[in-house]
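Peer 1: Got structure32.cif for you, mmCIF, C-alpha atoms:
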```cif
data_upload
loop_
_atom_site.label_atom_id
_atom_site.label_comp_id
_atom_site.auth_asym_id
_atom_site.auth_seq_id
_atom_site.Cartn_x
_atom_site.Cartn_y
_atom_site.Cartn_z
CA MET A 1 21.25 9.48 -237.97
CA THR A 2 22.20 10.42 -234.41
CA LEU A 3 20.12 13.29 -233.05
CA HIS A 4 21.40 15.93 -230.63
CA PRO A 5 18.30 17.10 -228.75
CA ASP A 6 19.07 19.26 -225.74
CA PHE A 7 17.35 17.53 -222.83
CA THR A 8 18.77 20.17 -220.46
CA SER A 9 17.49 23.34 -222.16
CA GLN A 10 14.99 25.62 -220.44
CA ASN A 11 12.78 25.38 -223.54
CA TYR A 12 12.64 21.62 -223.12
CA TYR A 13 11.80 21.76 -219.41
CA ARG A 14 9.22 24.49 -219.94
CA ASN A 15 7.35 22.52 -222.60
CA PRO A 16 8.59 18.91 -222.76
CA ALA A 17 5.43 17.72 -224.52
CA ALA A 18 6.28 19.72 -227.66
CA ALA A 19 9.90 18.55 -227.79
CA ILE A 20 8.91 14.94 -227.16
CA GLU A 21 6.27 15.05 -229.89
CA LYS A 22 8.90 16.21 -232.40
CA LEU A 23 11.12 13.34 -231.33
CA ARG A 24 8.28 10.83 -231.57
CA GLN A 25 7.50 11.92 -235.12
CA LEU A 26 10.93 10.58 -236.07
CA GLY A 27 9.97 7.14 -234.84
CA PRO A 28 9.20 5.03 -231.75
CA ILE A 29 12.94 4.62 -231.18
CA VAL A 30 15.62 7.17 -232.10
CA GLU A 31 19.37 7.39 -231.67
CA VAL A 32 20.45 10.37 -229.58
CA ARG A 33 23.61 11.71 -227.99
CA PHE A 34 23.03 11.94 -224.25
CA PRO A 35 25.28 13.95 -221.89
CA ILE A 36 27.98 11.83 -220.20
CA ILE A 37 26.42 8.58 -221.53
CA GLY A 38 27.17 9.28 -225.22
CA LYS A 39 25.40 7.68 -228.18
CA VAL A 40 22.35 5.68 -227.13
CA TRP A 41 18.95 4.61 -228.45
CA ALA A 42 15.93 6.25 -226.76
CA THR A 43 12.33 5.05 -226.83
CA THR A 44 9.59 7.59 -227.55
CA THR A 45 6.47 5.49 -226.82
CA GLN A 46 5.11 3.88 -223.70
CA ALA A 47 4.74 0.47 -225.37
CA LEU A 48 8.45 0.29 -226.23
CA ALA A 49 9.58 1.65 -222.85
CA ASP A 50 7.42 -1.02 -221.22
CA GLN A 51 8.85 -3.75 -223.46
CA VAL A 52 12.49 -2.81 -222.82
CA LEU A 53 12.04 -2.53 -219.05
CA LYS A 54 10.26 -5.88 -218.78
CA ASP A 55 12.44 -7.90 -221.15
CA THR A 56 15.39 -8.31 -218.79
CA ALA A 57 16.85 -11.16 -220.82
CA THR A 58 17.36 -8.98 -223.92
CA PHE A 59 18.03 -5.61 -222.26
CA THR A 60 20.31 -5.75 -219.22
CA ILE A 61 21.86 -3.22 -216.86
CA ARG A 62 25.26 -4.93 -217.03
CA LYS A 63 27.49 -6.07 -219.87
CA ASP A 64 29.09 -9.52 -220.23
CA ASP A 65 32.11 -8.40 -218.22
CA GLY A 66 29.90 -7.25 -215.34
CA THR A 67 30.34 -3.51 -215.88
CA VAL A 68 27.29 -1.24 -215.74
CA ALA A 69 25.99 -0.23 -219.19
CA GLY A 70 26.09 3.50 -218.38
CA MET A 71 29.55 3.41 -216.78
CA ARG A 72 32.33 5.14 -218.71
CA TRP A 73 35.99 4.08 -218.56
CA TRP A 74 37.03 7.41 -217.03
CA MET A 75 34.66 7.23 -214.06
CA PRO A 76 36.50 6.82 -210.73
CA GLY A 77 36.30 3.72 -208.55
CA ILE A 78 33.94 5.24 -206.00
CA VAL A 79 31.25 5.48 -208.68
CA ARG A 80 31.68 1.75 -209.38
CA THR A 81 31.48 1.00 -205.66
CA LEU A 82 28.23 2.92 -205.29
CA ALA A 83 26.89 1.13 -208.38
CA THR A 84 26.65 -2.13 -206.43
CA SER A 85 23.07 -1.30 -205.43
CA MET A 86 20.05 -3.26 -206.69
CA LEU A 87 19.31 -0.43 -209.14
CA SER A 88 22.43 -1.41 -211.09
CA MET A 89 21.96 -5.18 -210.90
CA ASP A 90 20.36 -7.81 -213.11
CA GLU A 91 18.91 -11.06 -211.81
CA PRO A 92 19.69 -12.97 -209.68
CA ASP A 93 21.69 -10.34 -207.74
CA HIS A 94 18.88 -7.80 -208.10
CA LYS A 95 16.37 -10.13 -206.38
CA ARG A 96 18.87 -11.05 -203.65
CA LEU A 97 19.32 -7.39 -202.68
CA ARG A 98 15.72 -6.32 -203.31
CA ASP A 99 14.36 -9.07 -201.05
CA ILE A 100 16.53 -7.81 -198.18
CA VAL A 101 15.32 -4.21 -198.40
CA ASP A 102 11.73 -5.26 -199.26
CA GLU A 103 11.52 -7.13 -195.98
CA ALA A 104 12.91 -4.13 -194.09
CA PHE A 105 10.39 -1.83 -195.81
CA ARG A 106 7.48 -4.14 -194.98
CA ARG A 107 8.38 -3.98 -191.30
CA ARG A 108 8.07 -0.19 -191.47
CA ALA A 109 4.51 -0.23 -192.94
CA VAL A 110 4.89 2.92 -195.05
CA VAL A 111 1.15 3.46 -195.59
CA GLN A 112 0.60 3.69 -191.82
CA MET A 113 3.11 6.54 -191.67
CA GLU A 114 0.75 9.03 -193.35
CA PRO A 115 -0.39 10.81 -190.13
CA HIS A 116 3.24 11.22 -189.07
CA ILE A 117 4.30 12.49 -192.50
CA GLN A 118 1.37 14.90 -192.42
CA ALA A 119 2.57 16.20 -189.04
CA ILE A 120 6.06 16.78 -190.46
CA GLY A 121 4.49 18.64 -193.39
CA ASP A 122 2.40 20.78 -191.04
CA GLN A 123 5.47 21.77 -189.03
CA LEU A 124 7.52 22.61 -192.13
CA ALA A 125 4.63 24.62 -193.59
CA ASP A 126 4.40 26.60 -190.34
CA GLU A 127 8.14 27.38 -190.60
CA LEU A 128 8.12 28.26 -194.31
CA PHE A 129 8.48 32.02 -193.82
CA ALA A 130 10.33 31.90 -190.48
CA ALA A 131 13.57 33.05 -192.15
CA GLY A 132 11.83 35.74 -194.18
CA SER A 133 9.72 36.27 -197.27
CA PRO A 134 9.87 35.45 -200.11
CA ALA A 135 10.81 31.85 -199.27
CA ASP A 136 12.43 29.36 -201.62
CA LEU A 137 9.95 26.52 -201.50
CA VAL A 138 12.51 24.02 -202.86
CA ASP A 139 15.04 24.42 -200.04
CA ARG A 140 12.71 25.35 -197.19
CA TYR A 141 9.97 22.81 -197.84
CA ALA A 142 10.08 20.45 -200.84
CA ARG A 143 13.52 19.09 -199.91
CA LYS A 144 13.10 19.08 -196.15
CA LEU A 145 9.95 16.98 -196.01
CA PRO A 146 11.11 13.84 -197.87
CA LEU A 147 14.62 14.14 -196.42
CA SER A 148 13.20 14.25 -192.87
CA VAL A 149 11.08 11.17 -193.60
CA ILE A 150 13.85 9.10 -195.20
CA CYS A 151 16.33 10.01 -192.45
CA GLU A 152 13.83 8.74 -189.92
CA LEU A 153 13.08 5.60 -191.93
CA LEU A 154 16.77 4.80 -192.31
CA GLY A 155 17.61 5.67 -188.72
CA LEU A 156 19.96 8.54 -189.62
CA PRO A 157 20.19 11.53 -187.25
CA LEU A 158 17.94 14.37 -188.34
CA GLU A 159 20.53 16.89 -187.14
CA ASP A 160 22.76 15.73 -190.03
CA ARG A 161 20.12 16.73 -192.57
CA SER A 162 22.04 19.86 -193.61
CA LYS A 163 25.08 17.68 -194.48
CA PHE A 164 22.96 15.45 -196.72
CA ILE A 165 21.48 18.50 -198.44
CA ALA A 166 24.95 19.91 -199.15
CA TRP A 167 26.30 16.60 -200.42
CA ALA A 168 23.23 15.85 -202.54
CA SER A 169 23.16 19.29 -204.14
CA GLY A 170 26.76 18.77 -205.23
CA PHE A 171 26.17 15.57 -207.15
CA THR A 172 22.78 16.39 -208.62
CA ARG A 173 23.72 19.66 -210.31
CA PHE A 174 26.46 18.50 -212.67
CA THR A 175 25.72 18.67 -216.41
CA GLY A 176 28.84 17.17 -217.97
CA ALA A 177 32.12 15.38 -217.27
CA LEU A 178 33.79 18.38 -215.54
CA GLY A 179 30.86 18.87 -213.19
CA PHE A 180 30.79 15.12 -212.60
CA PHE A 181 34.39 15.16 -211.37
CA ALA A 182 33.73 18.24 -209.23
CA ALA A 183 31.02 16.26 -207.44
CA ILE A 184 33.31 13.35 -206.52
CA PRO A 185 34.48 14.83 -203.14
CA ASN A 186 30.83 14.91 -202.05
CA LEU A 187 30.49 11.24 -202.93
CA PHE A 188 33.57 10.40 -200.85
CA ALA A 189 32.27 12.42 -197.90
CA LEU A 190 28.88 10.73 -197.97
CA LYS A 191 30.40 7.26 -198.42
CA ARG A 192 32.69 7.78 -195.39
CA TYR A 193 29.76 9.04 -193.34
CA LEU A 194 27.60 6.03 -194.23
CA GLU A 195 30.43 3.55 -193.59
CA ARG A 196 30.96 5.00 -190.11
CA HIS A 197 27.23 4.95 -189.36
CA VAL A 198 26.78 1.34 -190.51
CA GLU A 199 29.77 0.27 -188.40
CA THR A 200 28.28 2.03 -185.35
CA VAL A 201 25.01 0.16 -185.89
CA ARG A 202 26.91 -3.15 -186.19
CA ARG A 203 28.59 -2.55 -182.85
CA HIS A 204 25.92 -0.84 -180.83
CA GLY A 205 22.62 -1.50 -182.60
CA GLY A 206 20.19 1.12 -183.85
CA GLU A 207 16.77 1.87 -185.29
CA GLY A 208 15.38 2.05 -188.80
CA LEU A 209 16.08 0.36 -192.11
CA ILE A 210 19.86 0.43 -191.68
CA ALA A 211 19.55 -1.57 -188.46
CA GLU A 212 17.21 -4.02 -190.24
CA ILE A 213 19.70 -4.52 -193.10
CA VAL A 214 22.58 -5.02 -190.63
CA ARG A 215 20.44 -7.58 -188.79
CA VAL A 216 19.98 -9.51 -192.05
CA GLU A 217 23.76 -9.37 -192.61
CA LYS A 218 24.44 -10.72 -189.09
CA GLU A 219 21.96 -13.55 -189.61
CA GLY A 220 23.92 -14.71 -192.64
CA GLY A 221 22.05 -12.79 -195.36
CA ARG A 222 23.98 -12.57 -198.62
CA ILE A 223 24.95 -8.92 -198.70
CA SER A 224 28.48 -7.52 -198.66
CA PRO A 225 29.66 -4.46 -196.68
CA ASN A 226 30.02 -2.53 -199.97
CA GLU A 227 26.49 -3.53 -200.97
CA ILE A 228 25.11 -2.28 -197.65
CA VAL A 229 26.72 1.15 -198.08
CA SER A 230 25.57 1.31 -201.70
CA MET A 231 22.05 0.28 -200.66
CA VAL A 232 21.84 2.99 -197.97
CA PHE A 233 23.25 5.56 -200.42
CA LEU A 234 20.54 4.61 -202.92
CA LEU A 235 17.74 4.71 -200.34
CA LEU A 236 18.88 8.08 -198.95
CA PHE A 237 19.35 9.68 -202.35
CA ALA A 238 16.42 8.14 -204.23
CA GLY A 239 14.29 8.44 -201.11
CA HIS A 240 14.32 12.22 -201.10
CA GLU A 241 15.76 13.71 -204.29
CA THR A 242 13.06 12.70 -206.78
CA THR A 243 10.22 13.42 -204.34
CA THR A 244 11.68 16.90 -203.77
CA HIS A 245 11.16 17.63 -207.46
CA LEU A 246 7.71 16.04 -207.53
CA ILE A 247 6.61 18.37 -204.70
CA SER A 248 8.18 21.56 -206.08
CA GLY A 249 6.96 20.77 -209.61
CA SER A 250 3.42 20.11 -208.35
CA VAL A 251 3.33 23.35 -206.35
CA PHE A 252 4.61 25.29 -209.38
CA GLU A 253 1.81 23.91 -211.57
CA LEU A 254 -0.81 24.78 -208.94
CA LEU A 255 0.53 28.33 -208.50
CA LYS A 256 0.43 28.79 -212.28
CA ASN A 257 -3.18 27.55 -212.24
CA PRO A 258 -4.93 28.98 -209.14
CA GLY A 259 -8.20 27.45 -210.33
CA LEU A 260 -6.69 23.97 -209.99
CA ARG A 261 -5.24 24.89 -206.60
CA ASP A 262 -8.66 26.02 -205.36
CA TRP A 263 -10.36 22.93 -206.85
CA LEU A 264 -7.95 20.70 -204.94
CA LYS A 265 -8.44 22.63 -201.69
CA GLU A 266 -12.21 22.17 -201.90
CA ASP A 267 -11.89 18.43 -201.35
CA TRP A 268 -8.58 16.86 -200.32
CA SER A 269 -9.87 13.38 -201.21
CA ARG A 270 -9.02 14.47 -204.76
CA ALA A 271 -5.33 14.56 -203.87
CA ASP A 272 -4.62 10.92 -204.76
CA LEU A 273 -5.75 11.41 -208.36
CA ALA A 274 -3.95 14.75 -208.54
CA VAL A 275 -0.63 13.26 -207.39
CA GLU A 276 -0.86 10.56 -210.06
CA GLU A 277 -1.29 13.25 -212.69
CA PHE A 278 1.61 15.28 -211.32
CA LEU A 279 3.76 12.14 -211.47
CA ARG A 280 2.81 11.70 -215.12
CA PHE A 281 2.97 15.35 -216.16
CA ILE A 282 6.22 16.24 -214.38
CA THR A 283 8.00 12.86 -214.53
CA PRO A 284 10.85 13.89 -212.18
CA VAL A 285 13.04 11.02 -213.46
CA GLN A 286 12.94 11.55 -217.22
CA PHE A 287 15.04 8.54 -218.34
CA THR A 288 15.88 5.15 -216.88
CA LYS A 289 19.42 3.85 -216.60
CA PRO A 290 20.91 2.65 -219.90
CA ARG A 291 20.50 -0.99 -220.86
CA VAL A 292 22.79 -3.03 -223.09
CA VAL A 293 21.24 -5.02 -225.96
CA ARG A 294 22.17 -8.70 -225.50
CA LYS A 295 21.35 -9.88 -229.04
CA ASP A 296 20.48 -8.48 -232.46
CA ILE A 297 16.79 -7.57 -232.39
CA GLU A 298 14.26 -5.46 -234.26
CA LEU A 299 12.56 -2.91 -232.04
CA GLY A 300 10.06 -0.35 -233.29
CA GLY A 301 11.12 -0.98 -236.87
CA VAL A 302 14.82 -0.42 -236.09
CA ARG A 303 17.46 -3.13 -236.15
CA LEU A 304 19.44 -2.99 -232.90
CA LYS A 305 22.77 -4.80 -232.68
CA GLN A 306 24.18 -6.78 -229.82
CA GLY A 307 26.15 -4.37 -227.62
CA ASP A 308 24.07 -1.30 -228.49
CA ARG A 309 22.79 0.76 -225.57
CA ILE A 310 19.19 1.84 -225.04
CA MET A 311 17.53 4.21 -222.54
CA PRO A 312 13.75 4.07 -222.13
CA MET A 313 12.51 7.67 -221.92
CA LEU A 314 9.92 7.76 -219.13
CA ALA A 315 8.96 11.35 -219.96
CA ALA A 316 8.10 10.34 -223.53
CA ALA A 317 6.19 7.27 -222.31
CA ASN A 318 4.09 9.48 -220.05
CA MET A 319 3.46 11.94 -222.90
CA ASP A 320 2.41 9.19 -225.33
CA PRO A 321 -1.12 9.97 -226.64
CA LEU A 322 -1.74 6.25 -227.17
CA ALA A 323 -1.32 5.72 -223.41
CA ASN A 324 -2.90 8.97 -222.16
CA PRO A 325 -5.15 11.03 -224.48
CA HIS A 326 -4.17 14.72 -224.74
CA PRO A 327 -1.03 14.13 -222.68
CA GLU A 328 0.05 17.78 -222.99
CA ARG A 329 -2.87 18.76 -220.72
CA LEU A 330 -2.53 18.77 -216.94
CA ASP A 331 -5.77 17.00 -215.96
CA LEU A 332 -5.97 16.40 -212.21
CA GLN A 333 -9.06 14.23 -212.73
CA ARG A 334 -7.38 11.98 -215.32
CA LYS A 335 -8.68 8.45 -215.00
CA PRO A 336 -7.32 6.00 -215.87
CA ASN A 337 -3.82 7.40 -215.60
CA ARG A 338 -1.36 5.12 -217.38
CA HIS A 339 1.93 6.66 -216.34
CA ILE A 340 5.17 4.81 -215.67
CA ALA A 341 6.87 7.54 -213.63
CA PHE A 342 8.12 4.82 -211.25
CA GLY A 343 9.36 2.62 -214.08
CA THR A 344 8.08 -0.92 -214.52
CA GLY A 345 9.36 -4.48 -214.44
CA ILE A 346 11.83 -5.73 -211.84
CA HIS A 347 13.20 -2.25 -211.17
CA PHE A 348 9.80 -0.70 -210.40
CA CYS A 349 10.49 1.94 -207.75
CA LEU A 350 10.65 0.45 -204.27
CA GLY A 351 9.55 3.76 -202.70
CA HIS A 352 6.47 4.40 -204.86
CA GLN A 353 4.06 4.26 -201.91
CA LEU A 354 6.21 6.57 -199.85
CA ALA A 355 6.56 9.11 -202.69
CA ARG A 356 2.79 9.14 -203.26
CA VAL A 357 2.03 9.69 -199.57
CA GLU A 358 4.68 12.41 -199.28
CA GLY A 359 3.40 14.20 -202.39
CA LYS A 360 -0.15 14.22 -201.07
CA CYS A 361 0.80 15.28 -197.52
CA ALA A 362 3.11 18.02 -198.82
CA LEU A 363 0.36 19.67 -200.87
CA ARG A 364 -2.24 19.33 -198.12
CA SER A 365 -0.01 20.79 -195.38
CA LEU A 366 1.20 23.64 -197.58
CA PHE A 367 -2.14 24.86 -198.90
CA ARG A 368 -4.03 24.38 -195.64
CA ARG A 369 -1.49 26.66 -193.95
CA TRP A 370 -1.02 29.07 -196.87
CA PRO A 371 -4.24 28.92 -198.95
CA LYS A 372 -3.30 32.03 -200.98
CA LEU A 373 0.32 31.04 -201.60
CA THR A 374 1.65 32.89 -204.65
CA LEU A 375 4.77 32.97 -206.81
CA ALA A 376 7.05 35.85 -205.82
CA VAL A 377 8.30 36.20 -209.41
CA SER A 378 6.85 35.78 -212.87
CA GLU A 379 6.46 32.13 -213.84
CA THR A 380 8.76 32.86 -216.81
CA GLU A 381 11.61 33.49 -214.33
CA ILE A 382 11.45 29.95 -212.92
CA THR A 383 14.30 27.79 -214.22
CA TRP A 384 15.28 24.13 -214.06
CA ARG A 385 18.64 22.54 -213.36
CA LYS A 386 20.64 21.69 -216.46
CA ARG A 387 20.84 18.13 -215.18
CA PRO A 388 20.10 15.55 -217.90
CA GLY A 389 17.45 13.03 -216.99
CA LEU A 390 16.07 14.91 -213.99
CA LYS A 391 13.35 17.57 -214.05
CA ALA A 392 14.31 19.73 -211.09
CA ILE A 393 13.30 23.34 -210.43
CA ASN A 394 16.26 25.44 -209.24
CA ASP A 395 14.42 27.84 -206.93
CA LEU A 396 10.72 28.49 -206.34
CA PRO A 397 10.33 31.87 -204.56
CA VAL A 398 6.87 32.18 -202.94
CA VAL A 399 4.98 34.65 -200.76
CA ALA A 400 2.04 34.05 -198.47
CA GLY A 401 -0.39 35.94 -200.72
CA GLY A 402 -3.41 38.03 -199.79
#
```
Let me see the structure of the file written as structure tokens.
Peer 2:
Amino acid sequence: MTLHPDFTSQNYYRNPAAAIEKLRQLGPIVEVRFPIIGKVWATTTQALADQVLKDTATFTIRKDDGTVAGMRWWMPGIVRTLATSMLSMDEPDHKRLRDIVDEAFRRRAVVQMEPHIQAIGDQLADELFAAGSPADLVDRYARKLPLSVICELLGLPLEDRSKFIAWASGFTRFTGALGFFAAIPNLFALKRYLERHVETVRRHGGEGLIAEIVRVEKEGGRISPNEIVSMVFLLLFAGHETTTHLISGSVFELLKNPGLRDWLKEDWSRADLAVEEFLRFITPVQFTKPRVVRKDIELGGVRLKQGDRIMPMLAAANMDPLANPHPERLDLQRKPNRHIAFGTGIHFCLGHQLARVEGKCALRSLFRRWPKLTLAVSETEITWRKRPGLKAINDLPVVAGG
């Protein structure tokens, strides 16, 4: 029986633990109809999500003909072009591309960037109410901080930040096929921009990760021009979009629970543990990309056939009581915290360190500057984007408080 749960409803986003528990009661793996993707198997436990993500011989991103498992026949060519990133590759192509960007990341020593990221957070917190109060924390703070950092890391001009925000908002808000097509012009605009920038770096040099990747290309590294553009697109998008929703989601939870906010402010050394719990509790990326089943196999008591598609549900994995007792509770002191918000296996998130540092710095800068920060509306008025697979608050109006 194919289920039709609404993973984009406000009821789901407001209380995902309850919806996920109902799904899990039907079994560790269930067949659902997912927007745009269609009929697909979804895991409801952490053990099965872990198994699928690590068994890359049985569950692959690409089919026999090389097409991406989640790609539909009606999707335009630009989507296929931008799917040539490591996120949409199996081995050995995944390792070839990952090694190139891993080396570039290592040269940037992300952990050593914390003081600089903190300074960016301090400046943005100072400017939060510059354009008036209430302020939308999503647009004025949660998006600006990670976007500023990733632009700097990549070597993209910070003055173009407003363009990236406009383009990104276009292709992260669609909920179905019509919205998907409406977002295509934004993809073209961003692709053209990145192609021009990469070509400028080839000719005149530059700074940041893009310059490092171009250097590898010039030294004979196995990466095509399309793969470079796709890689930069992935790093720019993944490098700010998900962290935006981690930050806004974390702030929302703290404003709903002033006691937790005050507990965190008492000792900022607690922030590392708190961020891990926010990653688990919010799970900004709710599902992984679809995988195709390479051979008939029994999984969680269900017989899967060769050619079936499966999507590990990270949100369900992080709400699995066998992995984290009382998962419906937000426990900022949770230890150990067995979340897989960054995925696992070969596609474990490249930017996990950066996201953790940004999450911690964002909270510290914000609540040091505005210790009495308060929601400007009732918490029941806060809504989430109807974007399947992403838990993203639309707007978070805040005031400075007393």
Peer 1: To one decimal place, how far is atom CA of Asp160 of chain A from atom CA of Ile210 of chain A in Å?
Peer 2: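 Rounded to one decimal, the two atoms are 15.7 Å apart.
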Peer 1: Up to 12 Å from (11.2, 13.0, -232.2) in the file's coordinates: name the residues, counting all atoms listed in the file, as a ChimeraX atom specification.
Peer 2: /A:2-6,16-32,42-45,313,316,320
Peer 1: Emit the selected residues as an mmCIF file, in the frame of the given file, including C-alpha atoms.
Peer 2:
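To be explicit, this is the file written out as part-v4.cif:
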```cif
data_model
loop_
_atom_site.group_PDB
_atom_site.id
_atom_site.type_symbol
_atom_site.label_atom_id
_atom_site.label_comp_id
_atom_site.auth_asym_id
_atom_site.auth_seq_id
_atom_site.Cartn_x
_atom_site.Cartn_y
_atom_site.Cartn_z
ATOM 1 C CA THR A 2 22.200 10.420 -234.410
ATOM 2 C CA LEU A 3 20.120 13.290 -233.050
ATOM 3 C CA HIS A 4 21.400 15.930 -230.630
ATOM 4 C CA PRO A 5 18.300 17.100 -228.750
ATOM 5 C CA ASP A 6 19.070 19.260 -225.740
ATOM 6 C CA PRO A 16 8.590 18.910 -222.760
ATOM 7 C CA ALA A 17 5.430 17.720 -224.520
ATOM 8 C CA ALA A 18 6.280 19.720 -227.660
ATOM 9 C CA ALA A 19 9.900 18.550 -227.790
ATOM 10 C CA ILE A 20 8.910 14.940 -227.160
ATOM 11 C CA GLU A 21 6.270 15.050 -229.890
ATOM 12 C CA LYS A 22 8.900 16.210 -232.400
ATOM 13 C CA LEU A 23 11.120 13.340 -231.330
ATOM 14 C CA ARG A 24 8.280 10.830 -231.570
ATOM 15 C CA GLN A 25 7.500 11.920 -235.120
ATOM 16 C CA LEU A 26 10.930 10.580 -236.070
ATOM 17 C CA GLY A 27 9.970 7.140 -234.840
ATOM 18 C CA PRO A 28 9.200 5.030 -231.750
ATOM 19 C CA ILE A 29 12.940 4.620 -231.180
ATOM 20 C CA VAL A 30 15.620 7.170 -232.100
ATOM 21 C CA GLU A 31 19.370 7.390 -231.670
ATOM 22 C CA VAL A 32 20.450 10.370 -229.580
ATOM 23 C CA ALA A 42 15.930 6.250 -226.760
ATOM 24 C CA THR A 43 12.330 5.050 -226.830
ATOM 25 C CA THR A 44 9.590 7.590 -227.550
ATOM 26 C CA THR A 45 6.470 5.490 -226.820
ATOM 27 C CA MET A 313 12.510 7.670 -221.920
ATOM 28 C CA ALA A 316 8.100 10.340 -223.530
ATOM 29 C CA ASP A 320 2.410 9.190 -225.330
#
```
Peer 1: Could you tell me how far atom CA of Ala271 of chain A sits from atom CA of Leu124 of chain A, in Å to one decimal place?
Peer 2: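 Separation of atom CA of Leu124 of chain A and atom CA of Ala271 of chain A: 19.2 Å.
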Peer 1: For the provided coordinates, the residues matched by the PyMOL selection byres ((chain A and resi 103) around 12) should be stated as a PyMOL selection string.
Peer 2: chain A and resi 95-102+104-109+209+212-213+215-216+221+350
Peer 1: Here is a test: counting all atoms listed in the file, which residue of A:Val398, A:Trp41, A:Phe34, A:Ile120 is nearest to Leu299 of chain A?
Peer 2: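 Using all atoms listed in the file, the shortest distance to Leu299 of chain A belongs to A:Trp41.
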Peer 1: Looking at A:Gln333, A:Thr8, A:Gln353, A:Gln123, which one is nearest to Trp263 of chain A, with distances taken over all atoms listed in the file?
Peer 2: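 Looking only at the distances to Trp263 of chain A, the closest residue turns out to be A:Gln333.
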Peer 1: What is the atom CA of Thr244 of chain A to atom CA of Ala166 of chain A distance in Å?
Peer 2: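 Distance between the two atoms: 14.4 Å.
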Peer 1: Tell me which residues the PyMOL selection byres ((chain A and resi 231) around 9) grabs here, as a PyMOL selection string.
Peer 2: chain A and resi 82+84-87+97+101+226-230+232-236
Peer 1: Leaving out Ile297 of chain A and any residue of its chain fewer than 2 positions from it, which residues lie within 12 Å of it when counting only C-alpha atoms, given as a CSV table (one decimal) with C-alpha atoms, in the coordinates of the input?
Peer 2:
```
chain,number,residue,atom,x,y,z
A,52,VAL,CA,12.5,-2.8,-222.8
A,58,THR,CA,17.4,-9.0,-223.9
A,59,PHE,CA,18.0,-5.6,-222.3
A,292,VAL,CA,22.8,-3.0,-223.1
A,293,VAL,CA,21.2,-5.0,-226.0
A,294,ARG,CA,22.2,-8.7,-225.5
A,295,LYS,CA,21.4,-9.9,-229.0
A,299,LEU,CA,12.6,-2.9,-232.0
A,300,GLY,CA,10.1,-0.4,-233.3
A,301,GLY,CA,11.1,-1.0,-236.9
A,302,VAL,CA,14.8,-0.4,-236.1
A,303,ARG,CA,17.5,-3.1,-236.2
A,304,LEU,CA,19.4,-3.0,-232.9
A,305,LYS,CA,22.8,-4.8,-232.7
A,306,GLN,CA,24.2,-6.8,-229.8
A,307,GLY,CA,26.2,-4.4,-227.6
A,308,ASP,CA,24.1,-1.3,-228.5
```
Peer 1: Could you check which of A:Glu114, A:Pro146, A:Asp267, A:Glu195 is closest to Ala238 of chain A, using all atoms listed in the file?
Peer 2: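 So, comparing all the options, the nearest one is A:Pro146.
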Peer 1: Quick check on the file I pasted: which residues fall under the PyMOL selection byres ((chain A and resi 121) around 8)? Write them as a PDB file with C-alpha atoms, in the coordinates of the input.
Peer 2:
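Contents of expr27.pdb, as written:
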```pdb
ATOM      1  CA  ILE A 117       4.300  12.490-192.500  1.00  0.00           C
ATOM      2  CA  GLN A 118       1.370  14.900-192.420  1.00  0.00           C
ATOM      3  CA  ALA A 119       2.570  16.200-189.040  1.00  0.00           C
ATOM      4  CA  ILE A 120       6.060  16.780-190.460  1.00  0.00           C
ATOM      5  CA  ASP A 122       2.400  20.780-191.040  1.00  0.00           C
ATOM      6  CA  GLN A 123       5.470  21.770-189.030  1.00  0.00           C
ATOM      7  CA  LEU A 124       7.520  22.610-192.130  1.00  0.00           C
ATOM      8  CA  ALA A 125       4.630  24.620-193.590  1.00  0.00           C
ATOM      9  CA  LEU A 145       9.950  16.980-196.010  1.00  0.00           C
ATOM     10  CA  CYS A 361       0.800  15.280-197.520  1.00  0.00           C
ATOM     11  CA  ALA A 362       3.110  18.020-198.820  1.00  0.00           C
ATOM     12  CA  SER A 365      -0.010  20.790-195.380  1.00  0.00           C
ATOM     13  CA  LEU A 366       1.200  23.640-197.580  1.00  0.00           C
TER      14      LEU A 366
END
```
Peer 1: Residues within 7 Å of (6.5, 14.8, -204.7), file coordinates, counting only C-alpha atoms: what are they? Give the list as a PyMOL selection string.
Peer 2: chain A and resi 243-247+355-356+358-359
Peer 1: Could you tell me which of A:Ile310, A:Ala189, A:Ile282, A:Ala376 comes closest to Ile37 of chain A if we count all atoms listed in the file?
Peer 2: A:Ile310
Peer 1: Which one is closest to Asn186 of chain A: A:Ala400, A:Ile165, A:Cys349, A:Leu375? Count all atoms listed in the file.
Peer 2: A:Ile165
Peer 1: Please identify all polymer residues within 8 Å of Leu147 of chain A, counting only C-alpha atoms, omitting same-chain residues fewer than 3 positions from it, and present them as a list of chain:residue names.
Peer 2: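 Surrounding residues, per the criterion: A:Arg143, A:Lys144, A:Ile150, A:Cys151, A:Arg161, A:Leu236, A:Gly239, A:His240, A:Glu241.
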Peer 1: Nearest to Pro115 of chain A: which of A:Arg222, A:Lys372, A:Arg261, A:Arg364 is it, counting only C-alpha atoms?
Peer 2: A:Arg364
